[in-house]
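*Asks:* One structure is given below, represented as structure tokens, and several questions about it will come after.
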Amino acid sequence: MTKFIELNTIGVSKDSQLRAAKVLRAVSDSSEQGNSQEDESFFKFNHKLMSNRWKQLRVVVDRSGLFSLPKFSPAFCTFFNQLLEPQPAFVWLKCEGNVEDCESFLRAHNIITRSGTQFGVGPKYVRISMLDTDENFTQFLDRLSSIQAR
């Protein structure tokens, strides 16, 4: 591991390396101090955020009838020591019905996605990031929920 880090930091300034080390230390410290109520663990905070985003998206998709999402089976998480449903950083959204090009369909509604054809699947699928800002994610949900079945 030391050799890997040594080879991959060639050309990276010491200042950048020190900044990265400080960020990693803060993340590590937050997970060790996870018992404090005011200083929530980095991992718990982000797990809660992604969980809420997936719940909100599932509600919008279920109401629309135009789209579908993959179903994930819960799995045991060794970090949290409990059974959890996965909440990936990217959504594979499928356009149902007679929509053949999901990317173009969503673009017409001001939703920018990446076509499934760029990832080796059909054009009925798009990939959408769940990692955007709260404001952009809320706007995405609003735009998605405004699309009506025709």
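Chain identifiers are assigned as A, B, and so on, following the order in which chains appear in the structure tokens; residues are numbered from 1 within each chain, and ligands are numbered from 1 in order of appearance.
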Set the distance at 8 Å and use only C-alpha atoms: which residues neighbour A:Val27 once local chain neighbours fewer than 4 positions away are removed? I'd like the list as a list of chain:residue names.
*Replies:*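 Skipping anything fewer than 4 positions along the chain leaves A:Val23, A:Ser31, A:Ser41, A:Phe42.
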*Asks:* So which residues touch A:Val60 within 10 Å, counting only C-alpha atoms, skipping near sequence neighbours fewer than 2 positions away, as a list in words?
*Replies:*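 After dropping sequence-adjacent residues, the list is Trp54, Lys55, Gln56, Leu57, Arg58, Asp62, Arg63, Ser64, Gly65, Phe67, Leu141, Asp142, Leu144, Ser145 and Ser146 of chain A.
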*Asks:* Any chance you could export the current selection's N, CA, C and O atoms as a PDB file, in the first residue's frame?
*Replies:*
```pdb
ATOM      1  N   TRP A  54     -33.729   8.202  -1.735  1.00  0.00           N
ATOM      2  CA  TRP A  54     -34.302   7.042  -2.408  1.00  0.00           C
ATOM      3  C   TRP A  54     -35.787   6.897  -2.086  1.00  0.00           C
ATOM      4  O   TRP A  54     -36.581   6.545  -2.955  1.00  0.00           O
ATOM      5  N   LYS A  55     -36.175   7.158  -0.841  1.00  0.00           N
ATOM      6  CA  LYS A  55     -37.598   7.083  -0.476  1.00  0.00           C
ATOM      7  C   LYS A  55     -38.402   8.102  -1.268  1.00  0.00           C
ATOM      8  O   LYS A  55     -39.475   7.789  -1.797  1.00  0.00           O
ATOM      9  N   GLN A  56     -37.900   9.338  -1.351  1.00  0.00           N
ATOM     10  CA  GLN A  56     -38.599  10.387  -2.098  1.00  0.00           C
ATOM     11  C   GLN A  56     -38.724  10.020  -3.570  1.00  0.00           C
ATOM     12  O   GLN A  56     -39.788  10.191  -4.178  1.00  0.00           O
ATOM     13  N   LEU A  57     -37.647   9.510  -4.150  1.00  0.00           N
ATOM     14  CA  LEU A  57     -37.674   9.139  -5.564  1.00  0.00           C
ATOM     15  C   LEU A  57     -38.650   8.001  -5.805  1.00  0.00           C
ATOM     16  O   LEU A  57     -39.414   8.027  -6.774  1.00  0.00           O
ATOM     17  N   ARG A  58     -38.654   7.005  -4.931  1.00  0.00           N
ATOM     18  CA  ARG A  58     -39.584   5.881  -5.105  1.00  0.00           C
ATOM     19  C   ARG A  58     -41.039   6.335  -5.060  1.00  0.00           C
ATOM     20  O   ARG A  58     -41.877   5.846  -5.818  1.00  0.00           O
ATOM     21  N   ASP A  62     -43.418   5.801  -8.237  1.00  0.00           N
ATOM     22  CA  ASP A  62     -44.620   4.980  -8.052  1.00  0.00           C
ATOM     23  C   ASP A  62     -45.884   5.736  -8.446  1.00  0.00           C
ATOM     24  O   ASP A  62     -46.809   5.164  -9.018  1.00  0.00           O
ATOM     25  N   ARG A  63     -45.930   7.040  -8.152  1.00  0.00           N
ATOM     26  CA  ARG A  63     -47.099   7.858  -8.503  1.00  0.00           C
ATOM     27  C   ARG A  63     -47.221   8.057 -10.006  1.00  0.00           C
ATOM     28  O   ARG A  63     -48.323   8.166 -10.525  1.00  0.00           O
ATOM     29  N   SER A  64     -46.103   8.144 -10.700  1.00  0.00           N
ATOM     30  CA  SER A  64     -46.124   8.502 -12.119  1.00  0.00           C
ATOM     31  C   SER A  64     -46.692   7.395 -12.995  1.00  0.00           C
ATOM     32  O   SER A  64     -47.434   7.662 -13.931  1.00  0.00           O
ATOM     33  N   GLY A  65     -46.308   6.162 -12.741  1.00  0.00           N
ATOM     34  CA  GLY A  65     -46.721   5.073 -13.606  1.00  0.00           C
ATOM     35  C   GLY A  65     -45.965   5.037 -14.925  1.00  0.00           C
ATOM     36  O   GLY A  65     -46.156   4.129 -15.725  1.00  0.00           O
ATOM     37  N   PHE A  67     -42.500   5.334 -15.061  1.00  0.00           N
ATOM     38  CA  PHE A  67     -41.119   4.930 -14.835  1.00  0.00           C
ATOM     39  C   PHE A  67     -41.072   3.757 -13.868  1.00  0.00           C
ATOM     40  O   PHE A  67     -42.023   3.498 -13.139  1.00  0.00           O
ATOM     41  N   LEU A 141     -36.868  16.051  -8.634  1.00  0.00           N
ATOM     42  CA  LEU A 141     -38.095  15.372  -8.207  1.00  0.00           C
ATOM     43  C   LEU A 141     -39.334  16.133  -8.660  1.00  0.00           C
ATOM     44  O   LEU A 141     -40.320  15.520  -9.109  1.00  0.00           O
ATOM     45  N   ASP A 142     -39.294  17.459  -8.558  1.00  0.00           N
ATOM     46  CA  ASP A 142     -40.432  18.276  -8.998  1.00  0.00           C
ATOM     47  C   ASP A 142     -40.691  18.105 -10.487  1.00  0.00           C
ATOM     48  O   ASP A 142     -41.839  17.940 -10.914  1.00  0.00           O
ATOM     49  N   LEU A 144     -39.725  15.592 -12.412  1.00  0.00           N
ATOM     50  CA  LEU A 144     -40.128  14.208 -12.685  1.00  0.00           C
ATOM     51  C   LEU A 144     -41.589  13.990 -12.308  1.00  0.00           C
ATOM     52  O   LEU A 144     -42.330  13.343 -13.049  1.00  0.00           O
ATOM     53  N   SER A 145     -42.012  14.565 -11.202  1.00  0.00           N
ATOM     54  CA  SER A 145     -43.399  14.371 -10.764  1.00  0.00           C
ATOM     55  C   SER A 145     -44.393  15.151 -11.621  1.00  0.00           C
ATOM     56  O   SER A 145     -45.578  14.824 -11.652  1.00  0.00           O
ATOM     57  N   SER A 146     -43.916  16.168 -12.346  1.00  0.00           N
ATOM     58  CA  SER A 146     -44.815  16.955 -13.187  1.00  0.00           C
ATOM     59  C   SER A 146     -45.106  16.267 -14.522  1.00  0.00           C
ATOM     60  O   SER A 146     -46.019  16.670 -15.251  1.00  0.00           O
TER      61      SER A 146
END
```
*Asks:* Need to verify the contact set: A:Pro123, 10 Å, only C-alpha atoms, exclusion of same-chain residues closer than 2 positions in sequence. Can you return it as a ChimeraX atom specification?
*Replies:* /A:94-95,99-104,114-121,125-126
*Asks:* In Å, how far is it from atom CA of A:Ile112 to atom CA of A:His47?
*Replies:*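 Atom CA of A:His47 lies 24.9 Å from atom CA of A:Ile112.
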*Asks:* Which residues are near A:Pro86? Cut-off 8 Å, only C-alpha atoms, ignore same chain within fewer than 6 positions. Put them as a ChimeraX atom specification.
*Replies:* /A:72-75
*Asks:* Output N, CA, C and O atoms for every residue in that selection, as an mmCIF file, in the first residue's frame.
*Replies:*
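Output file out-v1.cif follows:
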```cif
data_model
loop_
_atom_site.group_PDB
_atom_site.id
_atom_site.type_symbol
_atom_site.label_atom_id
_atom_site.label_comp_id
_atom_site.auth_asym_id
_atom_site.auth_seq_id
_atom_site.Cartn_x
_atom_site.Cartn_y
_atom_site.Cartn_z
ATOM 1 N N PHE A 72 -33.910 -3.599 -4.881
ATOM 2 C CA PHE A 72 -32.691 -4.096 -4.241
ATOM 3 C C PHE A 72 -33.057 -4.938 -3.027
ATOM 4 O O PHE A 72 -33.929 -4.559 -2.245
ATOM 5 N N SER A 73 -32.373 -6.032 -2.879
ATOM 6 C CA SER A 73 -32.562 -6.871 -1.698
ATOM 7 C C SER A 73 -31.687 -6.341 -0.573
ATOM 8 O O SER A 73 -30.535 -5.970 -0.798
ATOM 9 N N PRO A 74 -32.217 -6.293 0.643
ATOM 10 C CA PRO A 74 -31.381 -5.871 1.774
ATOM 11 C C PRO A 74 -30.207 -6.826 1.950
ATOM 12 O O PRO A 74 -30.299 -8.012 1.641
ATOM 13 N N ALA A 75 -29.116 -6.272 2.437
ATOM 14 C CA ALA A 75 -27.908 -7.074 2.687
ATOM 15 C C ALA A 75 -27.298 -6.604 4.005
ATOM 16 O O ALA A 75 -27.538 -5.479 4.450
#
```
*Asks:* DSSP on the backbone: which residues in chain A end up as alpha helix (DSSP H)? Give the answer as a VMD selection string.
*Replies:* chain A and resid 2 to 8 14 to 32 42 to 64 102 to 107 134 to 146
*Asks:* Restricting the calculation to only C-alpha atoms, which member of A:Arg107, A:Arg25, A:Lys44, A:Lys14 is positioned closest to A:Arg143?
*Replies:* A:Arg107
*Asks:* Using DSSP secondary structure from the backbone, list all strand (DSSP E) positions within chain A, as an MDAnalysis selection string.
*Replies:* chainID A and resid 67:68 75:77 82:84 90:95 114:115 125:129
*Asks:* What does the distance from atom CA of A:Leu84 to atom CA of A:Phe43 come to in Å, to one decimal?
*Replies:*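 Distance between the two atoms: 13.6 Å.
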*Asks:* To one decimal place in Å, what is the distance between atom CA of A:Gly97 and atom CA of A:Leu66?
*Replies:*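 Rounded to one decimal, the two atoms are 6.9 Å apart.
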*Asks:* When you look at A:Met50 with a cut-off of 9 Å (counting only C-alpha atoms), what residues show up, excluding the ones that are within fewer than 2 positions of it in the same chain? I need them as a PyMOL selection string.
*Replies:* chain A and resi 45-48+52-55+87-89+130-131
*Asks:* Keeping N, CA and C atoms for every residue in the selection just given, could you write it to a file as a PDB file, in the first residue's frame?
*Replies:*
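Below is the file that was written, selection19.pdb:
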```
ATOM      1  N   PHE A  45     -24.602  10.335   8.568  1.00  0.00           N
ATOM      2  CA  PHE A  45     -25.266  11.467   7.923  1.00  0.00           C
ATOM      3  C   PHE A  45     -25.566  11.149   6.460  1.00  0.00           C
ATOM      4  N   ASN A  46     -24.567  10.645   5.737  1.00  0.00           N
ATOM      5  CA  ASN A  46     -24.747  10.369   4.318  1.00  0.00           C
ATOM      6  C   ASN A  46     -25.652   9.167   4.071  1.00  0.00           C
ATOM      7  N   HIS A  47     -25.636   8.199   4.955  1.00  0.00           N
ATOM      8  CA  HIS A  47     -26.564   7.078   4.828  1.00  0.00           C
ATOM      9  C   HIS A  47     -27.998   7.572   4.974  1.00  0.00           C
ATOM     10  N   LYS A  48     -28.228   8.424   5.960  1.00  0.00           N
ATOM     11  CA  LYS A  48     -29.565   8.973   6.179  1.00  0.00           C
ATOM     12  C   LYS A  48     -30.009   9.823   4.979  1.00  0.00           C
ATOM     13  N   ASN A  52     -33.191   8.892   2.544  1.00  0.00           N
ATOM     14  CA  ASN A  52     -34.309   9.814   2.328  1.00  0.00           C
ATOM     15  C   ASN A  52     -34.503  10.114   0.843  1.00  0.00           C
ATOM     16  N   ARG A  53     -33.410  10.302   0.123  1.00  0.00           N
ATOM     17  CA  ARG A  53     -33.524  10.595  -1.308  1.00  0.00           C
ATOM     18  C   ARG A  53     -34.137   9.429  -2.064  1.00  0.00           C
ATOM     19  N   TRP A  54     -33.729   8.202  -1.735  1.00  0.00           N
ATOM     20  CA  TRP A  54     -34.302   7.042  -2.408  1.00  0.00           C
ATOM     21  C   TRP A  54     -35.787   6.897  -2.086  1.00  0.00           C
ATOM     22  N   LYS A  55     -36.175   7.158  -0.841  1.00  0.00           N
ATOM     23  CA  LYS A  55     -37.598   7.083  -0.476  1.00  0.00           C
ATOM     24  C   LYS A  55     -38.402   8.102  -1.268  1.00  0.00           C
ATOM     25  N   GLN A  87     -28.447   1.807  -1.239  1.00  0.00           N
ATOM     26  CA  GLN A  87     -28.867   3.096  -1.783  1.00  0.00           C
ATOM     27  C   GLN A  87     -27.744   3.631  -2.665  1.00  0.00           C
ATOM     28  N   PRO A  88     -27.673   3.133  -3.900  1.00  0.00           N
ATOM     29  CA  PRO A  88     -26.570   3.513  -4.781  1.00  0.00           C
ATOM     30  C   PRO A  88     -26.543   5.009  -5.087  1.00  0.00           C
ATOM     31  N   ALA A  89     -25.383   5.462  -5.509  1.00  0.00           N
ATOM     32  CA  ALA A  89     -25.197   6.876  -5.843  1.00  0.00           C
ATOM     33  C   ALA A  89     -25.827   7.230  -7.191  1.00  0.00           C
ATOM     34  N   MET A 130     -27.518  10.647  -7.879  1.00  0.00           N
ATOM     35  CA  MET A 130     -28.254  10.997  -6.655  1.00  0.00           C
ATOM     36  C   MET A 130     -27.406  11.894  -5.753  1.00  0.00           C
ATOM     37  N   LEU A 131     -26.233  12.320  -6.240  1.00  0.00           N
ATOM     38  CA  LEU A 131     -25.276  13.024  -5.399  1.00  0.00           C
ATOM     39  C   LEU A 131     -25.283  14.532  -5.565  1.00  0.00           C
TER      40      LEU A 131
END
```
*Asks:* Taking only C-alpha atoms into account, which of A:Lys124, A:Glu6, A:Ala26, A:Met1 comes nearest A:Asn98?
*Replies:* A:Lys124
*Asks:* So which one's closest to A:Ile147, A:Leu69, A:Leu24, A:Ile128, A:Leu106? Using only C-alpha atoms, please.
*Replies:* A:Leu106
